[in-house]
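Asks: So I've got this file, model19.cif, and it contains mmCIF, C-alpha atoms:
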```cif
data_target
loop_
_atom_site.label_atom_id
_atom_site.label_comp_id
_atom_site.auth_asym_id
_atom_site.auth_seq_id
_atom_site.Cartn_x
_atom_site.Cartn_y
_atom_site.Cartn_z
CA PHE Y 162 68.51 -23.08 45.20
CA LEU Y 163 69.43 -22.23 41.61
CA MET Y 164 69.42 -18.49 42.37
CA ASN Y 165 71.78 -19.04 45.29
CA LEU Y 166 73.94 -21.42 43.28
CA ALA Y 167 74.48 -18.76 40.61
CA GLU Y 168 74.96 -15.85 43.00
CA SER Y 169 77.24 -17.83 45.33
CA MET Y 170 79.43 -18.67 42.35
CA ILE Y 171 79.95 -14.98 41.72
CA SER Y 172 79.14 -12.73 44.70
CA ILE Y 173 82.14 -13.63 46.89
CA PHE Y 174 84.40 -13.17 43.87
CA VAL Y 175 83.12 -9.73 42.76
CA PRO Y 176 85.32 -7.76 45.21
CA ILE Y 177 88.20 -10.10 44.34
CA TYR Y 178 87.53 -9.57 40.62
CA LEU Y 179 87.60 -5.79 41.04
CA TYR Y 180 90.77 -6.13 43.10
CA SER Y 181 92.33 -8.22 40.30
CA LEU Y 182 91.57 -5.36 37.90
CA ARG Y 183 93.82 -3.22 40.13
CA TYR Y 184 91.04 -1.18 41.72
CA SER Y 185 92.09 -0.16 45.22
CA ILE Y 186 90.03 -1.22 48.23
CA VAL Y 187 88.88 2.40 48.56
CA TYR Y 188 87.47 2.34 45.02
CA ILE Y 189 85.87 -1.06 45.57
CA LEU Y 190 84.09 0.23 48.68
CA PHE Y 191 82.98 3.31 46.74
CA PHE Y 192 81.58 1.00 44.05
CA PHE Y 193 79.31 -0.68 46.59
CA LEU Y 194 78.51 2.65 48.26
CA ILE Y 195 76.93 3.87 45.01
CA GLY Y 196 74.62 0.87 45.18
CA HIS Y 197 73.62 1.58 48.79
CA VAL Y 198 72.69 5.17 47.90
CA GLY Y 199 70.64 3.89 44.96
CA ASN Y 200 68.76 1.47 47.21
CA VAL Y 201 67.62 4.27 49.52
CA ILE Y 202 66.59 6.59 46.66
CA PHE Y 203 64.67 3.99 44.65
CA ALA Y 204 63.12 1.94 47.50
CA LEU Y 205 59.64 3.52 47.30
CA PRO Y 206 59.45 3.71 43.46
CA ILE Y 207 60.44 0.05 43.21
CA ALA Y 208 57.87 -0.86 45.89
CA LYS Y 209 55.17 0.72 43.70
CA ILE Y 210 56.39 -1.29 40.70
CA VAL Y 211 56.28 -4.51 42.75
CA SER Y 212 52.72 -3.70 43.79
CA LYS Y 213 51.67 -3.44 40.15
CA ILE Y 214 53.52 -6.41 38.64
CA GLY Y 215 53.37 -8.77 41.65
CA ALA Y 216 55.98 -10.29 43.94
CA LYS Y 217 57.00 -13.22 41.73
CA HIS Y 218 57.15 -11.12 38.58
CA ALA Y 219 59.38 -8.73 40.53
CA ILE Y 220 61.82 -11.63 41.02
CA LEU Y 221 61.62 -12.37 37.29
CA LEU Y 222 62.31 -8.74 36.40
CA SER Y 223 65.20 -8.59 38.88
CA THR Y 224 66.98 -11.29 36.90
CA LEU Y 225 67.36 -8.99 33.90
CA PHE Y 226 69.23 -6.48 36.04
CA ILE Y 227 71.62 -8.96 37.61
CA VAL Y 228 72.41 -10.57 34.25
CA ALA Y 229 73.12 -7.09 32.87
CA TYR Y 230 75.27 -6.44 35.97
CA TYR Y 231 77.34 -9.58 35.42
CA LEU Y 232 77.76 -8.91 31.71
CA GLY Y 233 78.76 -5.35 32.58
CA LEU Y 234 81.40 -6.62 35.00
CA ARG Y 235 82.75 -8.79 32.19
CA SER Y 236 83.07 -5.69 29.99
CA LEU Y 237 84.51 -3.47 32.72
CA PRO Y 238 88.17 -3.86 31.60
CA GLN Y 239 87.22 -2.45 28.17
CA TYR Y 240 84.74 0.21 29.36
CA SER Y 241 85.94 1.70 32.64
CA GLY Y 242 83.00 4.13 32.80
CA LEU Y 243 80.75 1.18 33.68
CA PHE Y 244 82.31 1.30 37.14
CA PHE Y 245 79.93 4.15 38.08
CA ILE Y 246 76.86 2.66 36.35
CA LEU Y 247 76.96 -1.02 37.30
CA PRO Y 248 76.14 -0.50 41.01
CA LEU Y 249 72.69 0.76 39.96
CA GLY Y 250 72.12 -2.55 38.17
CA ILE Y 251 72.62 -4.45 41.40
CA THR Y 252 70.46 -1.82 43.16
CA PHE Y 253 67.43 -2.60 41.00
CA ARG Y 254 68.17 -6.31 41.23
CA SER Y 255 68.35 -6.33 45.03
CA LEU Y 256 65.24 -4.16 45.53
CA LEU Y 257 63.06 -6.16 43.14
CA TYR Y 258 64.34 -9.52 44.35
CA ASN Y 259 64.35 -8.76 48.09
CA PHE Y 260 60.86 -7.22 48.03
CA GLY Y 261 59.54 -10.06 45.88
CA PHE Y 262 61.13 -12.81 47.97
CA ASP Y 263 60.14 -11.38 51.37
CA LEU Y 264 56.56 -10.68 50.30
CA ASN Y 265 56.16 -14.16 48.84
CA PHE Y 266 57.72 -15.77 51.92
CA ILE Y 267 55.58 -13.81 54.38
CA ASP Y 268 52.46 -14.59 52.34
CA HIS Y 269 53.02 -18.33 52.87
CA LEU Y 270 54.61 -18.18 56.32
CA ASN Y 271 53.58 -20.53 59.12
CA ILE Y 272 54.50 -18.40 62.14
CA LYS Y 273 54.64 -21.45 64.47
CA ARG Y 274 57.25 -23.10 62.25
CA VAL Y 275 59.18 -20.01 61.17
CA GLY Y 276 62.46 -21.32 62.60
CA ARG Y 277 62.24 -24.60 60.70
CA GLU Y 278 61.14 -22.87 57.50
CA LEU Y 279 64.05 -20.43 57.68
CA SER Y 280 66.36 -23.32 58.53
CA PHE Y 281 65.17 -25.23 55.46
CA LEU Y 282 65.67 -22.20 53.22
CA SER Y 283 69.09 -21.55 54.74
CA ASN Y 284 70.14 -25.14 54.14
CA LEU Y 285 69.11 -24.85 50.49
CA THR Y 286 71.25 -21.72 50.33
CA ILE Y 287 74.19 -23.39 52.05
CA ILE Y 288 74.06 -26.50 49.85
CA ALA Y 289 74.42 -24.09 46.94
CA THR Y 290 77.24 -22.21 48.67
CA VAL Y 291 79.10 -25.46 49.38
CA VAL Y 292 79.13 -26.40 45.71
CA ALA Y 293 79.33 -22.95 44.11
CA PRO Y 294 82.70 -21.65 45.42
CA LEU Y 295 84.42 -24.89 44.41
CA ILE Y 296 83.01 -24.69 40.89
CA ALA Y 297 83.67 -20.97 40.64
CA GLY Y 298 87.23 -21.15 41.95
CA LEU Y 299 88.16 -23.86 39.45
CA MET Y 300 86.34 -22.06 36.65
CA ILE Y 301 88.33 -18.88 37.31
CA VAL Y 302 91.60 -20.81 37.32
CA PHE Y 303 90.94 -22.66 34.04
CA PHE Y 304 88.68 -20.30 32.08
CA GLY Y 305 88.79 -16.86 33.75
CA TYR Y 306 86.22 -14.51 35.27
CA GLY Y 307 84.44 -13.92 31.93
CA VAL Y 308 83.24 -17.52 31.62
CA LEU Y 309 82.20 -17.56 35.29
CA LEU Y 310 80.00 -14.48 34.79
CA MET Y 311 78.40 -15.97 31.67
CA VAL Y 312 77.64 -19.34 33.31
CA GLY Y 313 76.20 -17.62 36.40
CA SER Y 314 73.92 -15.50 34.20
CA ILE Y 315 72.58 -18.58 32.39
CA ILE Y 316 71.80 -20.37 35.67
CA LEU Y 317 69.95 -17.29 36.94
CA VAL Y 318 67.70 -17.25 33.87
CA VAL Y 319 66.91 -20.97 34.29
CA ALA Y 320 66.17 -20.37 37.99
CA THR Y 321 63.24 -18.06 37.18
CA LEU Y 322 61.34 -20.63 35.09
CA PRO Y 323 59.43 -22.28 38.00
CA LEU Y 324 57.91 -18.88 38.86
CA PHE Y 325 55.88 -18.96 35.64
CA PHE Y 326 53.85 -21.90 36.98
CA SER Y 327 52.46 -20.35 40.17
CA LYS Y 328 50.03 -17.59 41.12
CA ASP Y 329 51.24 -14.14 42.09
CA ASN Y 330 50.25 -11.70 44.82
CA HIS Y 331 49.97 -7.92 44.44
CA PRO Y 332 50.51 -6.16 47.80
CA GLN Y 333 49.17 -2.64 48.16
CA VAL Y 334 51.43 0.38 48.76
CA ASN Y 335 49.56 2.26 51.51
CA PHE Y 336 52.55 4.32 52.67
CA ASP Y 337 54.82 7.11 51.45
CA ASN Y 338 58.32 8.35 52.25
CA SER Y 339 57.19 10.40 55.25
CA GLY Y 340 55.40 7.35 56.67
CA LEU Y 341 58.47 5.19 56.15
CA PHE Y 342 60.77 7.65 57.93
CA LYS Y 343 58.24 8.03 60.74
CA THR Y 344 58.32 4.25 61.26
CA ILE Y 345 62.12 4.12 61.10
CA PHE Y 346 62.74 6.90 63.64
CA SER Y 347 59.81 6.27 65.99
CA ARG Y 348 60.52 5.44 69.62
CA ALA Y 349 58.94 2.00 69.17
CA GLY Y 350 61.14 1.31 66.15
CA ARG Y 351 64.43 2.39 67.75
CA GLY Y 352 65.51 -1.15 68.61
CA MET Y 353 64.68 -2.29 65.10
CA LEU Y 354 66.67 0.62 63.61
CA LEU Y 355 69.78 -0.22 65.63
CA SER Y 356 69.48 -3.97 65.11
CA PHE Y 357 69.00 -3.69 61.34
CA SER Y 358 71.95 -1.29 61.21
CA GLY Y 359 74.05 -3.84 63.06
CA TYR Y 360 73.25 -6.52 60.50
CA ALA Y 361 73.73 -4.14 57.57
CA VAL Y 362 77.22 -3.01 58.55
CA GLU Y 363 78.46 -6.40 59.79
CA SER Y 364 77.23 -8.27 56.71
CA SER Y 365 78.51 -5.58 54.34
CA ILE Y 366 82.03 -5.89 55.73
CA GLY Y 367 81.73 -9.66 55.46
CA LYS Y 368 80.74 -9.47 51.79
CA THR Y 369 83.15 -6.78 50.58
CA VAL Y 370 86.25 -6.45 52.79
CA TRP Y 371 86.55 -10.06 53.99
CA PRO Y 372 86.82 -11.61 50.47
CA ILE Y 373 89.65 -9.21 49.60
CA PHE Y 374 91.38 -10.14 52.84
CA LEU Y 375 91.00 -13.82 51.89
CA ILE Y 376 92.62 -13.38 48.48
CA ILE Y 377 95.50 -11.42 50.03
CA ILE Y 378 96.20 -14.20 52.56
CA LEU Y 379 95.38 -17.25 50.43
CA GLY Y 380 96.75 -15.97 47.14
CA THR Y 381 94.43 -17.67 44.61
CA ALA Y 382 90.72 -17.73 43.83
CA GLU Y 383 90.86 -21.54 43.88
CA LYS Y 384 91.91 -21.56 47.55
CA VAL Y 385 89.24 -18.99 48.41
CA GLY Y 386 86.68 -21.32 46.82
CA TYR Y 387 87.88 -24.29 48.88
CA VAL Y 388 87.79 -22.32 52.14
CA ALA Y 389 84.31 -20.90 51.45
CA ALA Y 390 82.93 -24.32 50.46
CA VAL Y 391 84.20 -26.24 53.50
CA SER Y 392 83.10 -23.45 55.86
CA SER Y 393 79.60 -23.55 54.36
CA PHE Y 394 79.45 -27.33 54.81
CA PHE Y 395 80.12 -26.98 58.55
CA ALA Y 396 77.50 -24.22 58.78
CA MET Y 397 74.90 -26.44 57.09
CA ILE Y 398 75.25 -29.09 59.80
CA VAL Y 399 74.74 -26.51 62.54
CA ILE Y 400 71.72 -24.90 60.85
CA ALA Y 401 69.76 -28.15 60.76
CA MET Y 402 69.87 -28.19 64.57
CA VAL Y 403 69.41 -24.45 65.09
CA GLY Y 404 66.10 -24.22 63.20
CA ARG Y 405 64.45 -26.82 65.44
CA TYR Y 406 65.89 -25.15 68.55
CA ILE Y 407 64.29 -21.82 67.58
CA ASP Y 408 60.79 -23.26 67.41
CA ASN Y 409 61.09 -25.45 70.51
CA PHE Y 410 62.91 -23.13 72.89
CA GLY Y 411 62.47 -19.63 71.48
CA SER Y 412 64.69 -17.37 69.43
CA LYS Y 413 65.77 -14.70 71.93
CA LYS Y 414 68.12 -16.92 73.95
CA LEU Y 415 69.73 -18.28 70.81
CA LEU Y 416 70.05 -14.75 69.43
CA ASN Y 417 72.13 -13.71 72.44
CA ILE Y 418 74.34 -16.81 72.15
CA GLY Y 419 74.86 -16.17 68.43
CA THR Y 420 75.75 -12.53 69.08
CA VAL Y 421 78.52 -13.49 71.50
CA LEU Y 422 79.86 -16.16 69.13
CA CYS Y 423 79.83 -13.82 66.13
CA PHE Y 424 81.46 -10.99 68.11
CA PHE Y 425 84.41 -13.17 69.04
CA GLY Y 426 84.58 -14.47 65.49
CA TRP Y 427 85.32 -10.97 64.22
CA LEU Y 428 87.82 -10.36 67.03
CA ALA Y 429 89.62 -13.56 66.04
CA THR Y 430 90.30 -12.17 62.56
CA ALA Y 431 93.11 -10.11 64.12
CA PHE Y 432 95.05 -13.39 64.35
CA ALA Y 433 94.34 -14.53 60.77
CA ASP Y 434 97.72 -14.41 59.04
CA THR Y 435 98.15 -17.91 57.58
CA SER Y 436 96.06 -20.16 55.32
CA LEU Y 437 95.22 -22.49 58.22
CA SER Y 438 94.17 -19.71 60.60
CA VAL Y 439 92.05 -18.09 57.87
CA PHE Y 440 90.34 -21.42 57.19
CA LEU Y 441 89.57 -22.03 60.87
CA ILE Y 442 88.34 -18.50 61.50
CA ASN Y 443 86.24 -18.42 58.33
CA SER Y 444 84.64 -21.74 59.32
CA TYR Y 445 83.91 -20.45 62.81
CA ARG Y 446 82.45 -17.21 61.42
CA SER Y 447 80.23 -19.06 58.94
CA ILE Y 448 78.76 -21.15 61.75
CA SER Y 449 78.38 -18.31 64.26
CA GLU Y 450 76.72 -16.02 61.71
CA LYS Y 451 74.09 -18.64 60.94
CA VAL Y 452 73.49 -19.29 64.64
CA LEU Y 453 72.93 -15.54 64.98
CA GLN Y 454 71.01 -14.69 61.82
CA LEU Y 455 68.44 -17.50 61.91
CA PRO Y 456 66.81 -16.43 65.22
CA TRP Y 457 67.28 -12.77 64.24
CA SER Y 458 65.39 -13.31 60.98
CA SER Y 459 62.65 -15.29 62.72
CA ILE Y 460 62.05 -12.38 65.13
CA PHE Y 461 61.66 -9.99 62.19
CA TYR Y 462 59.02 -12.21 60.57
CA LYS Y 463 57.18 -12.38 63.89
CA ILE Y 464 57.13 -8.55 64.07
CA VAL Y 465 55.29 -8.10 60.77
CA ASN Y 466 51.56 -8.59 60.31
CA ARG Y 467 49.28 -8.78 57.27
CA ASP Y 468 48.42 -5.08 57.39
CA THR Y 469 51.95 -3.69 57.61
CA TYR Y 470 54.22 -6.38 56.12
CA PHE Y 471 54.95 -4.55 52.86
CA ARG Y 472 55.81 -1.38 54.79
CA MET Y 473 58.12 -3.37 57.08
CA VAL Y 474 59.90 -5.05 54.16
CA VAL Y 475 60.62 -1.64 52.61
CA VAL Y 476 61.63 -0.17 55.99
CA LYS Y 477 64.07 -3.03 56.53
CA ASP Y 478 65.76 -2.44 53.18
CA MET Y 479 65.97 1.33 53.71
CA ILE Y 480 67.57 0.88 57.14
CA PHE Y 481 70.05 -1.64 55.72
CA ASN Y 482 71.27 0.68 53.01
CA GLY Y 483 70.88 3.95 54.90
CA SER Y 484 73.16 2.69 57.68
CA ARG Y 485 75.68 1.48 55.09
CA MET Y 486 75.64 4.95 53.52
CA VAL Y 487 76.73 6.34 56.89
CA VAL Y 488 79.34 3.73 57.85
CA VAL Y 489 80.98 2.80 54.52
CA PRO Y 490 82.56 6.30 54.15
CA LEU Y 491 84.13 5.71 57.60
CA ILE Y 492 85.52 2.39 56.36
CA ILE Y 493 86.86 4.13 53.25
CA LEU Y 494 88.58 6.67 55.50
CA ILE Y 495 90.17 3.83 57.53
CA PHE Y 496 91.68 2.37 54.37
CA LYS Y 497 92.82 5.82 53.22
CA ILE Y 498 94.72 6.33 56.48
CA GLU Y 499 96.28 2.84 56.14
CA PHE Y 500 96.83 2.26 59.87
CA TYR Y 501 96.04 -1.45 60.42
CA PRO Y 502 92.96 -1.02 58.19
CA PHE Y 503 91.76 -4.63 58.12
CA THR Y 504 92.06 -5.00 61.90
CA LEU Y 505 90.15 -1.77 62.51
CA VAL Y 506 87.41 -2.58 60.01
CA PHE Y 507 86.90 -6.07 61.44
CA LEU Y 508 86.69 -4.44 64.89
CA VAL Y 509 83.90 -2.21 63.50
CA ALA Y 510 82.10 -5.36 62.34
CA ALA Y 511 82.46 -6.88 65.81
CA ILE Y 512 81.02 -3.78 67.49
CA PHE Y 513 78.02 -3.63 65.14
CA THR Y 514 77.35 -7.32 65.77
CA LEU Y 515 76.44 -6.37 69.36
CA LEU Y 516 73.40 -4.45 68.01
CA TYR Y 517 71.60 -7.57 66.73
CA PRO Y 518 69.75 -8.41 69.99
CA LEU Y 519 68.09 -4.97 70.11
CA VAL Y 520 65.51 -6.26 67.62
CA GLU Y 521 63.85 -7.87 70.66
CA LYS Y 522 62.67 -4.43 71.79
CA SER Y 523 60.42 -4.26 68.72
CA VAL Y 524 58.58 -7.50 69.50
#
```
Would you encode the structure as structure tokens?
Replies:
Amino acid sequence: FLMNLAESMISIFVPIYLYSLRYSIVYILFFFLIGHVGNVIFALPIAKIVSKIGAKHAILLSTLFIVAYYLGLRSLPQYSGLFFILPLGITFRSLLYNFGFDLNFIDHLNIKRVGRELSFLSNLTIIATVVAPLIAGLMIVFFGYGVLLMVGSIILVVATLPLFFSKDNHPQVNFDNSGLFKTIFSRAGRGMLLSFSGYAVESSIGKTVWPIFLIIILGTAEKVGYVAAVSSFFAMIVIAMVGRYIDNFGSKKLLNIGTVLCFFGWLATAFADTSLSVFLINSYRSISEKVLQLPWSSIFYKIVNRDTYFRMVVVKDMIFNGSRMVVVPLIILIFKIEFYPFTLVFLVAAIFTLLYPLVEKSV
């Protein structure tokens, strides 16, 4: 909860912060592209580090990188060269944290209650994301981005303290790069490859391009915070019901429903040109994405088993960032051409949303 509180205070505002520093959307996308490349290159080395230090200590170590990342963002106006270095900070943070979190979650997973467990975790996340944008938006208005980054860093450090009071697990790395690529491009893994790519591209556009679109339409960080908070509140109500539905009725049917809802959510962004329409569409998208991603995540955790779960966690991350390496340059080109760029990019997100259900072919 504390991790999500801190990151939700900052993550949605990072593209907006870079935009406020007069970086163009092309440069902002390039900033995140550097991070995606780093994730693919360092996935296996970081996996070996996680194996040695343990999953929970990996989360602890990841905090150092994200605090350094936030402090670096704060110093970016004075040291412009950090623009090309900071993405690697978030690379090491995301690899260490994602591997540590997934391994710890899978190690304690009750497969018969995976929907409810994911729903509970998602609700913790959403409670944080309801509160965080409101606090962050007001903090930016009254104190500026620098104070926001400092406060977020302090909360992240506090959030790691409970990890010192529990045992750790040390998963074994029994795979190499050739084995990872063989898994990714195998015939059996084709559905997984396409589905993970769909999530990677759709979510990346939602986290980088959509916040910039919000600030352009709404005008102030305070309004962005209000919109994000209220949208998250609506999503929280839906998630409480969705988690139970997954376990009682199965995830595949709900996955297909969520895909259709999310697809039309991205299509609706073409009509977002006022504060009210942006609020309504953002609320709808927040709900539809959760309806989609909860059953999608539960299917992934049902795919893994005790012998291959570390391999699958690393494979998932490599597919996420490898697909972003391919598609983000296309998005950059769209913004370079400047022919209805937001509409075209949101259409790309809608198309990639349709790939989510292909994960079923890997079950």
Asks: By how many Å are CA of Gly483 (chain Y) and CA of Ile498 (chain Y) apart?
Replies: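 Going from CA of Gly483 (chain Y) over to CA of Ile498 (chain Y), I get 24.0 Å.
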Asks: Check what the PyMOL selection byres ((chain Y and resi 429) around 10) selects in the file above and give those residues as a PDB file with C-alpha atoms, in the coordinates of the input.
Replies:
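Output below, filename result_32.pdb:
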```
ATOM      1  CA  CYS Y 423      79.830 -13.820  66.130  1.00  0.00           C
ATOM      2  CA  PHE Y 424      81.460 -10.990  68.110  1.00  0.00           C
ATOM      3  CA  PHE Y 425      84.410 -13.170  69.040  1.00  0.00           C
ATOM      4  CA  GLY Y 426      84.580 -14.470  65.490  1.00  0.00           C
ATOM      5  CA  TRP Y 427      85.320 -10.970  64.220  1.00  0.00           C
ATOM      6  CA  LEU Y 428      87.820 -10.360  67.030  1.00  0.00           C
ATOM      7  CA  THR Y 430      90.300 -12.170  62.560  1.00  0.00           C
ATOM      8  CA  ALA Y 431      93.110 -10.110  64.120  1.00  0.00           C
ATOM      9  CA  PHE Y 432      95.050 -13.390  64.350  1.00  0.00           C
ATOM     10  CA  ALA Y 433      94.340 -14.530  60.770  1.00  0.00           C
ATOM     11  CA  SER Y 438      94.170 -19.710  60.600  1.00  0.00           C
ATOM     12  CA  VAL Y 439      92.050 -18.090  57.870  1.00  0.00           C
ATOM     13  CA  LEU Y 441      89.570 -22.030  60.870  1.00  0.00           C
ATOM     14  CA  ILE Y 442      88.340 -18.500  61.500  1.00  0.00           C
ATOM     15  CA  ASN Y 443      86.240 -18.420  58.330  1.00  0.00           C
ATOM     16  CA  TYR Y 445      83.910 -20.450  62.810  1.00  0.00           C
ATOM     17  CA  ARG Y 446      82.450 -17.210  61.420  1.00  0.00           C
ATOM     18  CA  THR Y 504      92.060  -5.000  61.900  1.00  0.00           C
ATOM     19  CA  PHE Y 507      86.900  -6.070  61.440  1.00  0.00           C
ATOM     20  CA  LEU Y 508      86.690  -4.440  64.890  1.00  0.00           C
ATOM     21  CA  ALA Y 511      82.460  -6.880  65.810  1.00  0.00           C
TER      22      ALA Y 511
END
```
Asks: Gly340 (chain Y): which residues within 12 Å, counting all atoms listed in the file, same-chain residues fewer than 5 positions away excluded, as number ranges by chain?
Replies: Y: 205, 334-335, 345-347, 469, 472-473, 475-476
Asks: So how many Å separate CA of Tyr240 (chain Y) and CA of Pro206 (chain Y), to one decimal?
Replies: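 About the pair CA of Tyr240 (chain Y) and CA of Pro206 (chain Y): they are 29.2 Å apart.
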Asks: Could you work out how far CA of Ser223 (chain Y) lies from CA of Arg254 (chain Y), giving the answer in Å with one decimal?
Replies: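 Separation between CA of Arg254 (chain Y) and CA of Ser223 (chain Y): 4.4 Å.
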Asks: Which of these residues is nearest to Val302 (chain Y), using only C-alpha atoms: Y:Pro176, Y:Gly352, Y:Gly215, Y:Gly386?
Replies: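 Going through Y:Pro176, Y:Gly352, Y:Gly215, Y:Gly386 one by one, the smallest distance to Val302 (chain Y) is for Y:Gly386.
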Asks: Determine, counting all atoms listed in the file, which protein, DNA and RNA residues have an atom within 9 Å of an atom of Phe245 (chain Y); residues of the same chain fewer than 4 positions away are not included. Present the result as a ChimeraX atom specification.
Replies: /Y:192,195,241,249
Asks: Find the nearest atom pair between each residue of region 167-228 of chain Y and region 306-312 of chain Y for residues within 12 Å, count all atoms listed in the file, give distances in Å to one decimal, sort rows by chain and ascending number, and present the table as a tab-separated table.
Replies:
```
residue	atom	partner	partner_atom	distance
Y:Ala167	CA	Y:Val312	CA	8.0
Y:Glu168	CA	Y:Leu310	CA	9.7
Y:Ser169	CA	Y:Leu309	CA	11.2
Y:Met170	CA	Y:Leu309	CA	7.7
Y:Ile171	CA	Y:Leu310	CA	6.9
Y:Ser172	CA	Y:Leu310	CA	10.1
Y:Phe174	CA	Y:Tyr306	CA	8.9
Y:Val175	CA	Y:Tyr306	CA	9.4
Y:Ile177	CA	Y:Tyr306	CA	10.3
Y:Tyr178	CA	Y:Tyr306	CA	7.4
Y:Leu179	CA	Y:Tyr306	CA	10.5
Y:Ser181	CA	Y:Tyr306	CA	10.1
Y:Leu182	CA	Y:Tyr306	CA	10.9
Y:Ile227	CA	Y:Leu310	CA	10.4
Y:Val228	CA	Y:Met311	CA	8.5
```
Asks: Given the selection you just returned, output its residues as a file containing C-alpha atoms, formatted as a tab-separated table (two decimals), in the coordinates of the input.
Replies:
```
chain	number	residue	atom	x	y	z
Y	167	ALA	CA	74.48	-18.76	40.61
Y	168	GLU	CA	74.96	-15.85	43.00
Y	169	SER	CA	77.24	-17.83	45.33
Y	170	MET	CA	79.43	-18.67	42.35
Y	171	ILE	CA	79.95	-14.98	41.72
Y	172	SER	CA	79.14	-12.73	44.70
Y	174	PHE	CA	84.40	-13.17	43.87
Y	175	VAL	CA	83.12	-9.73	42.76
Y	177	ILE	CA	88.20	-10.10	44.34
Y	178	TYR	CA	87.53	-9.57	40.62
Y	179	LEU	CA	87.60	-5.79	41.04
Y	181	SER	CA	92.33	-8.22	40.30
Y	182	LEU	CA	91.57	-5.36	37.90
Y	227	ILE	CA	71.62	-8.96	37.61
Y	228	VAL	CA	72.41	-10.57	34.25
```
Asks: From the set Y:Ile210, Y:Val385, Y:Val370, Y:Ala289, which residue has the shortest atom-to-atom contact distance to Val506 (chain Y), counting all atoms listed in the file?
Replies: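 Looking only at the distances to Val506 (chain Y), the closest residue turns out to be Y:Val370.
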